[in-house]
Amino acid sequence: VYLILLGAIISAFFANDGTALILTPIVISLLIRTKVNAKAMIPFIIATGFIADSSSIPLVISNLVNIVTSSYFNISFLSYAEIMFFPDLVSIAASVFFLYVYYRKEIPEKYDTEDLINPEEVIKDPLIFKLFLPVIILLIIGNSIGGLYGIPVAFISVPIVAGLAIISKLNGKVDVTKAVKEAPWQIVIFSLGMYLVVYSFGSSGFTSIMVYAINSTSFLPFPLHLLLSGYLFAAIAATMNNMPSTLLASLAIGQIHNGITLAYASVIANDIGPKFTPIGSLATLLWLFTLQRKRGIIIKPLHYMKIGFIVGLPVLTLTLLSLMIPI
């Protein structure tokens with residue numbers, strides 16, 4: 001439970017990719033130091049990868065999906081957070097419940113803590129560690145104010161992060177250059193390239209097909225219309241990755257009258273839906289890369305997909321339904 005809550009906090013402020021890159025090595029190191037056997041490691045590892053995406057809902061900055069959707073529909077930082085805070089809590093609670101139910105027999109009751117080290121000993125740069133909370137507060141305040149004046153998230157976040165990097169570089173405790181080189185820049189390249197690919201794909205007629213599919217369920221009661229649209233977005237995200245799915249969904253919803261609720265449903269579906277397959281999101285790909293290339297741990301695709309459907313589908317359903325609850 002604590003692991004999932006920690007992952008949810010990291011995803012909220014550092015995005016789902018941050019959780020995949022930051023928390024996964026920490027969890028594996030803790031499991032090794034506590035002498036947990038290989039089979040018992042799986043629930044914790046899966047939970048880390050799952051919560052990276054399923055809890056990346058609350059803020060615009062929590063997921064690239066959120067940034068793209070909010071930018072396309074001109075949703076401010078505060079307006080987005082106001083609507084999506086409760087669905088995020090539902091997603092986290094549902095993730096905890098269904099992951100526990102699925103793995104309850106495999107979770108060890110006792111741990112060997114003799115080899116655990118003092119947390120203070122692994123902090124490489126105490127100054128940056130102390131600046132963590134002020135920077136997070138500054139990001140939230142900056143993006144909240146920026147949203148009121150239509151300032152893009154990048155114009156607020158990039159200068160703050162750049163300033164933190166400069167401070168770290170001057171402090172000399174961490175190799176900032178190495179960190180920059182090892183950053184997953186392929187995500188940026190992938191995202192920019194997807195804009196061109198998806199717009200071309202959409203103009204060829206696929207967007208019209210999506211609009212027709214969404215409109216064909218509009219005669220159904222609202223919960224069913226919302227759920228079926230969400231399932232459609234999630235299925236596309238799981239099969240072609242959530243970034244092209246987000247862009248296509250935005251293009252389709254933009255052609256539907258009063259589609260703002262569907263825009264939020266698209267965010268939820270494209271945040272959680274990727275858990276159905278290993279290729280659903282870049283965070284999952286980074287997570288699998290970290291496990292296999294750096295730790296030698298291989299998660300079989302069929303096992304991953306089985307968990308994705310058994311755990312992910314009810315989490316997605318409950319989170320979509322939570323959009324209907326007025327707060």
# chains A, B, ... in the order shown; residues from 1 in each chain; ligands from 1
>>> select_by_dssp(residues="range 59-283 of chain A", states="helix (DSSP H, G or I)", output="PyMOL selection string")
chain A and resi 60-62+64-72+77-103+119-122+126-148+153-171+176-182+186-215+222-240+242-253+260-276+282-283
>>> closest_atom_pairs(of="range 86-203 of chain A", to="range 322-326 of chain A", cutoff="9 Å", atoms="only C-alpha atoms", output="JSON lines")
{"residue": "A:Phe86", "atom": "CA", "partner": "A:Ser322", "partner_atom": "CA", "distance": 7.3}
{"residue": "A:Pro87", "atom": "CA", "partner": "A:Ser322", "partner_atom": "CA", "distance": 5.5}
{"residue": "A:Val90", "atom": "CA", "partner": "A:Ser322", "partner_atom": "CA", "distance": 7.1}
>>> write_last_selection(atoms="C-alpha atoms", output="mmCIF file, in the first residue's frame")
data_model
loop_
_atom_site.group_PDB
_atom_site.id
_atom_site.type_symbol
_atom_site.label_atom_id
_atom_site.label_comp_id
_atom_site.auth_asym_id
_atom_site.auth_seq_id
_atom_site.Cartn_x
_atom_site.Cartn_y
_atom_site.Cartn_z
ATOM 1 C CA PHE A 86 -11.340 12.796 -7.315
ATOM 2 C CA PRO A 87 -11.014 10.340 -10.242
ATOM 3 C CA VAL A 90 -10.632 6.501 -7.116
#
>>> closest_residue(among="A:Gly202, A:Gly163, A:Gly146, A:Pro244", to="Ser281 in chain A", atoms="only C-alpha atoms")
A:Pro244
>>> closest_residue(among="A:Phe201, A:Tyr264, A:Phe98, A:Phe132", to="Val65 in chain A", atoms="only C-alpha atoms")
A:Tyr264
>>> residues_around(residues="Pro159 in chain A", least_positions_apart="3", cutoff="12 Å", atoms="only C-alpha atoms", output="MDAnalysis selection string")
chainID A and resid 135 138:139 142:143 153:156 162:166
>>> write_last_selection(atoms="C-alpha atoms", output="PDB file, in the first residue's frame")
ATOM      1  CA  VAL A 135      10.348  23.403  -6.071  1.00  0.00           C
ATOM      2  CA  LEU A 138       6.675  26.588  -6.935  1.00  0.00           C
ATOM      3  CA  LEU A 139       5.664  24.354  -9.861  1.00  0.00           C
ATOM      4  CA  GLY A 142       3.424  28.734 -11.186  1.00  0.00           C
ATOM      5  CA  ASN A 143       1.283  26.430 -13.311  1.00  0.00           C
ATOM      6  CA  VAL A 153       3.003  24.399 -18.917  1.00  0.00           C
ATOM      7  CA  ALA A 154       6.457  24.161 -20.530  1.00  0.00           C
ATOM      8  CA  PHE A 155       7.044  27.912 -20.124  1.00  0.00           C
ATOM      9  CA  ILE A 156       6.645  27.492 -16.361  1.00  0.00           C
ATOM     10  CA  ALA A 162      16.663  24.339 -15.528  1.00  0.00           C
ATOM     11  CA  GLY A 163      17.341  26.490 -12.467  1.00  0.00           C
ATOM     12  CA  LEU A 164      17.428  23.397 -10.273  1.00  0.00           C
ATOM     13  CA  ALA A 165      19.850  21.716 -12.695  1.00  0.00           C
ATOM     14  CA  ILE A 166      22.155  24.760 -12.630  1.00  0.00           C
TER      15      ILE A 166
END
>>> residues_around(residues="range 168-171 of chain A", least_positions_apart="2", cutoff="12 Å", atoms="only C-alpha atoms", output="JSON, numbers by chain")
{"A": [124, 125, 126, 127, 128, 129, 130, 131, 132, 161, 162, 163, 164, 165, 166, 173, 174, 175, 176, 177, 178, 179, 180]}
>>> write_last_selection(atoms="C-alpha atoms", output="PDB file, in the first residue's frame")
ATOM      1  CA  LYS A 124      24.098  12.447  -2.840  1.00  0.00           C
ATOM      2  CA  ASP A 125      23.134  16.118  -2.801  1.00  0.00           C
ATOM      3  CA  PRO A 126      21.551  17.328   0.480  1.00  0.00           C
ATOM      4  CA  LEU A 127      20.924  20.797  -0.979  1.00  0.00           C
ATOM      5  CA  ILE A 128      18.839  19.490  -3.890  1.00  0.00           C
ATOM      6  CA  PHE A 129      17.032  17.168  -1.481  1.00  0.00           C
ATOM      7  CA  LYS A 130      16.068  20.141   0.698  1.00  0.00           C
ATOM      8  CA  LEU A 131      14.913  22.092  -2.359  1.00  0.00           C
ATOM      9  CA  PHE A 132      12.552  19.298  -3.404  1.00  0.00           C
ATOM     10  CA  VAL A 161      13.791  22.639 -13.669  1.00  0.00           C
ATOM     11  CA  ALA A 162      16.663  24.339 -15.528  1.00  0.00           C
ATOM     12  CA  GLY A 163      17.341  26.490 -12.467  1.00  0.00           C
ATOM     13  CA  LEU A 164      17.428  23.397 -10.273  1.00  0.00           C
ATOM     14  CA  ALA A 165      19.850  21.716 -12.695  1.00  0.00           C
ATOM     15  CA  ILE A 166      22.155  24.760 -12.630  1.00  0.00           C
ATOM     16  CA  LYS A 173      27.556  16.639  -5.858  1.00  0.00           C
ATOM     17  CA  VAL A 174      25.760  15.020  -8.805  1.00  0.00           C
ATOM     18  CA  ASP A 175      26.958  14.543 -12.388  1.00  0.00           C
ATOM     19  CA  VAL A 176      24.264  16.628 -14.094  1.00  0.00           C
ATOM     20  CA  THR A 177      25.801  16.155 -17.545  1.00  0.00           C
ATOM     21  CA  LYS A 178      25.550  12.379 -17.215  1.00  0.00           C
ATOM     22  CA  ALA A 179      21.960  12.658 -15.994  1.00  0.00           C
ATOM     23  CA  VAL A 180      21.033  14.805 -18.997  1.00  0.00           C
TER      24      VAL A 180
END
>>> residues_around(residues="range 206-216 of chain A", least_positions_apart="2", cutoff="8 Å", atoms="only C-alpha atoms", output="MDAnalysis selection string")
chainID A and resid 201:204 218:219 225 229 248:249 251:253 255:256
>>> write_last_selection(atoms="N, CA and C atoms", output="CSV table (one decimal), in the first residue's frame")
chain,number,residue,atom,x,y,z
A,201,PHE,N,-2.7,10.4,-40.3
A,201,PHE,CA,-3.5,9.3,-40.1
A,201,PHE,C,-5.0,9.7,-40.0
A,202,GLY,N,-5.2,10.8,-39.2
A,202,GLY,CA,-6.5,11.3,-38.9
A,202,GLY,C,-7.2,11.8,-40.2
A,203,SER,N,-6.4,12.5,-41.0
A,203,SER,CA,-6.9,13.1,-42.2
A,203,SER,C,-7.3,12.1,-43.3
A,204,SER,N,-6.8,10.9,-43.1
A,204,SER,CA,-7.1,9.8,-44.1
A,204,SER,C,-8.4,9.2,-43.8
A,218,SER,N,-24.3,7.5,-28.5
A,218,SER,CA,-24.9,8.7,-27.8
A,218,SER,C,-26.3,8.5,-27.3
A,219,PHE,N,-27.0,7.6,-28.0
A,219,PHE,CA,-28.5,7.4,-27.6
A,219,PHE,C,-28.6,6.6,-26.4
A,225,HIS,N,-22.7,5.4,-22.4
A,225,HIS,CA,-22.1,6.2,-23.5
A,225,HIS,C,-20.6,6.6,-23.1
A,229,SER,N,-17.2,4.9,-24.8
A,229,SER,CA,-16.3,5.8,-25.4
A,229,SER,C,-14.9,5.6,-24.7
A,248,LEU,N,-5.5,11.2,-31.6
A,248,LEU,CA,-6.7,10.9,-32.4
A,248,LEU,C,-8.0,11.1,-31.7
A,249,ALA,N,-8.0,10.8,-30.4
A,249,ALA,CA,-9.2,11.0,-29.6
A,249,ALA,C,-9.5,12.5,-29.5
A,251,LEU,N,-8.7,14.9,-31.7
A,251,LEU,CA,-9.3,15.3,-33.0
A,251,LEU,C,-10.7,14.9,-33.2
A,252,ALA,N,-11.1,13.7,-32.7
A,252,ALA,CA,-12.4,13.2,-32.8
A,252,ALA,C,-13.4,13.9,-31.9
A,253,ILE,N,-13.0,14.1,-30.7
A,253,ILE,CA,-13.9,14.8,-29.7
A,253,ILE,C,-14.1,16.2,-30.1
A,255,GLN,N,-14.7,17.3,-32.8
A,255,GLN,CA,-15.8,17.4,-33.8
A,255,GLN,C,-17.2,17.1,-33.2
A,256,ILE,N,-17.2,16.8,-31.9
A,256,ILE,CA,-18.5,16.5,-31.2
A,256,ILE,C,-18.9,17.6,-30.3
>>> closest_residue(among="A:Gln292, A:Ser250, A:Ser55, A:Asn37", to="Leu6 in chain A", atoms="only C-alpha atoms")
A:Ser55
>>> residues_around(residues="Gly230 in chain A", least_positions_apart="2", cutoff="6 Å", atoms="only C-alpha atoms", output="list in words")
Leu227, Leu228, Leu232, Phe233, Ala265 and Ala269 of chain A
>>> write_last_selection(atoms="N, CA and C atoms", output="CSV table (one decimal), in the first residue's frame")
chain,number,residue,atom,x,y,z
A,227,LEU,N,-18.7,5.1,-20.7
A,227,LEU,CA,-17.9,3.9,-20.5
A,227,LEU,C,-17.5,3.3,-21.9
A,228,LEU,N,-18.4,3.2,-22.8
A,228,LEU,CA,-18.1,2.7,-24.1
A,228,LEU,C,-17.1,3.6,-24.9
A,232,LEU,N,-13.3,2.5,-25.9
A,232,LEU,CA,-12.7,2.6,-27.2
A,232,LEU,C,-11.4,3.3,-27.2
A,233,PHE,N,-11.3,4.4,-26.4
A,233,PHE,CA,-10.0,5.1,-26.3
A,233,PHE,C,-8.9,4.2,-25.7
A,265,ALA,N,-12.7,11.9,-20.1
A,265,ALA,CA,-12.8,10.4,-20.2
A,265,ALA,C,-11.6,9.9,-21.1
A,269,ALA,N,-8.9,7.2,-19.9
A,269,ALA,CA,-8.7,6.0,-20.8
A,269,ALA,C,-7.3,5.8,-21.3
>>> atom_distance(atom1="CA of Ala12 in chain A", atom2="CA of Ile61 in chain A")
7.4 Å
>>> atom_distance(atom1="CA of Leu316 in chain A", atom2="CA of Asn270 in chain A")
9.8 Å
>>> closest_residue(among="A:Ala235, A:Val315, A:Ala263, A:Ala47", to="Phe276 in chain A", atoms="only C-alpha atoms")
A:Ala235
>>> atom_distance(atom1="CA of Ser91 in chain A", atom2="CA of Leu318 in chain A")
7.3 Å
>>> closest_residue(among="A:Ile92, A:Leu148, A:Ile57, A:Met41", to="Ser266 in chain A", atoms="only C-alpha atoms")
A:Ile57
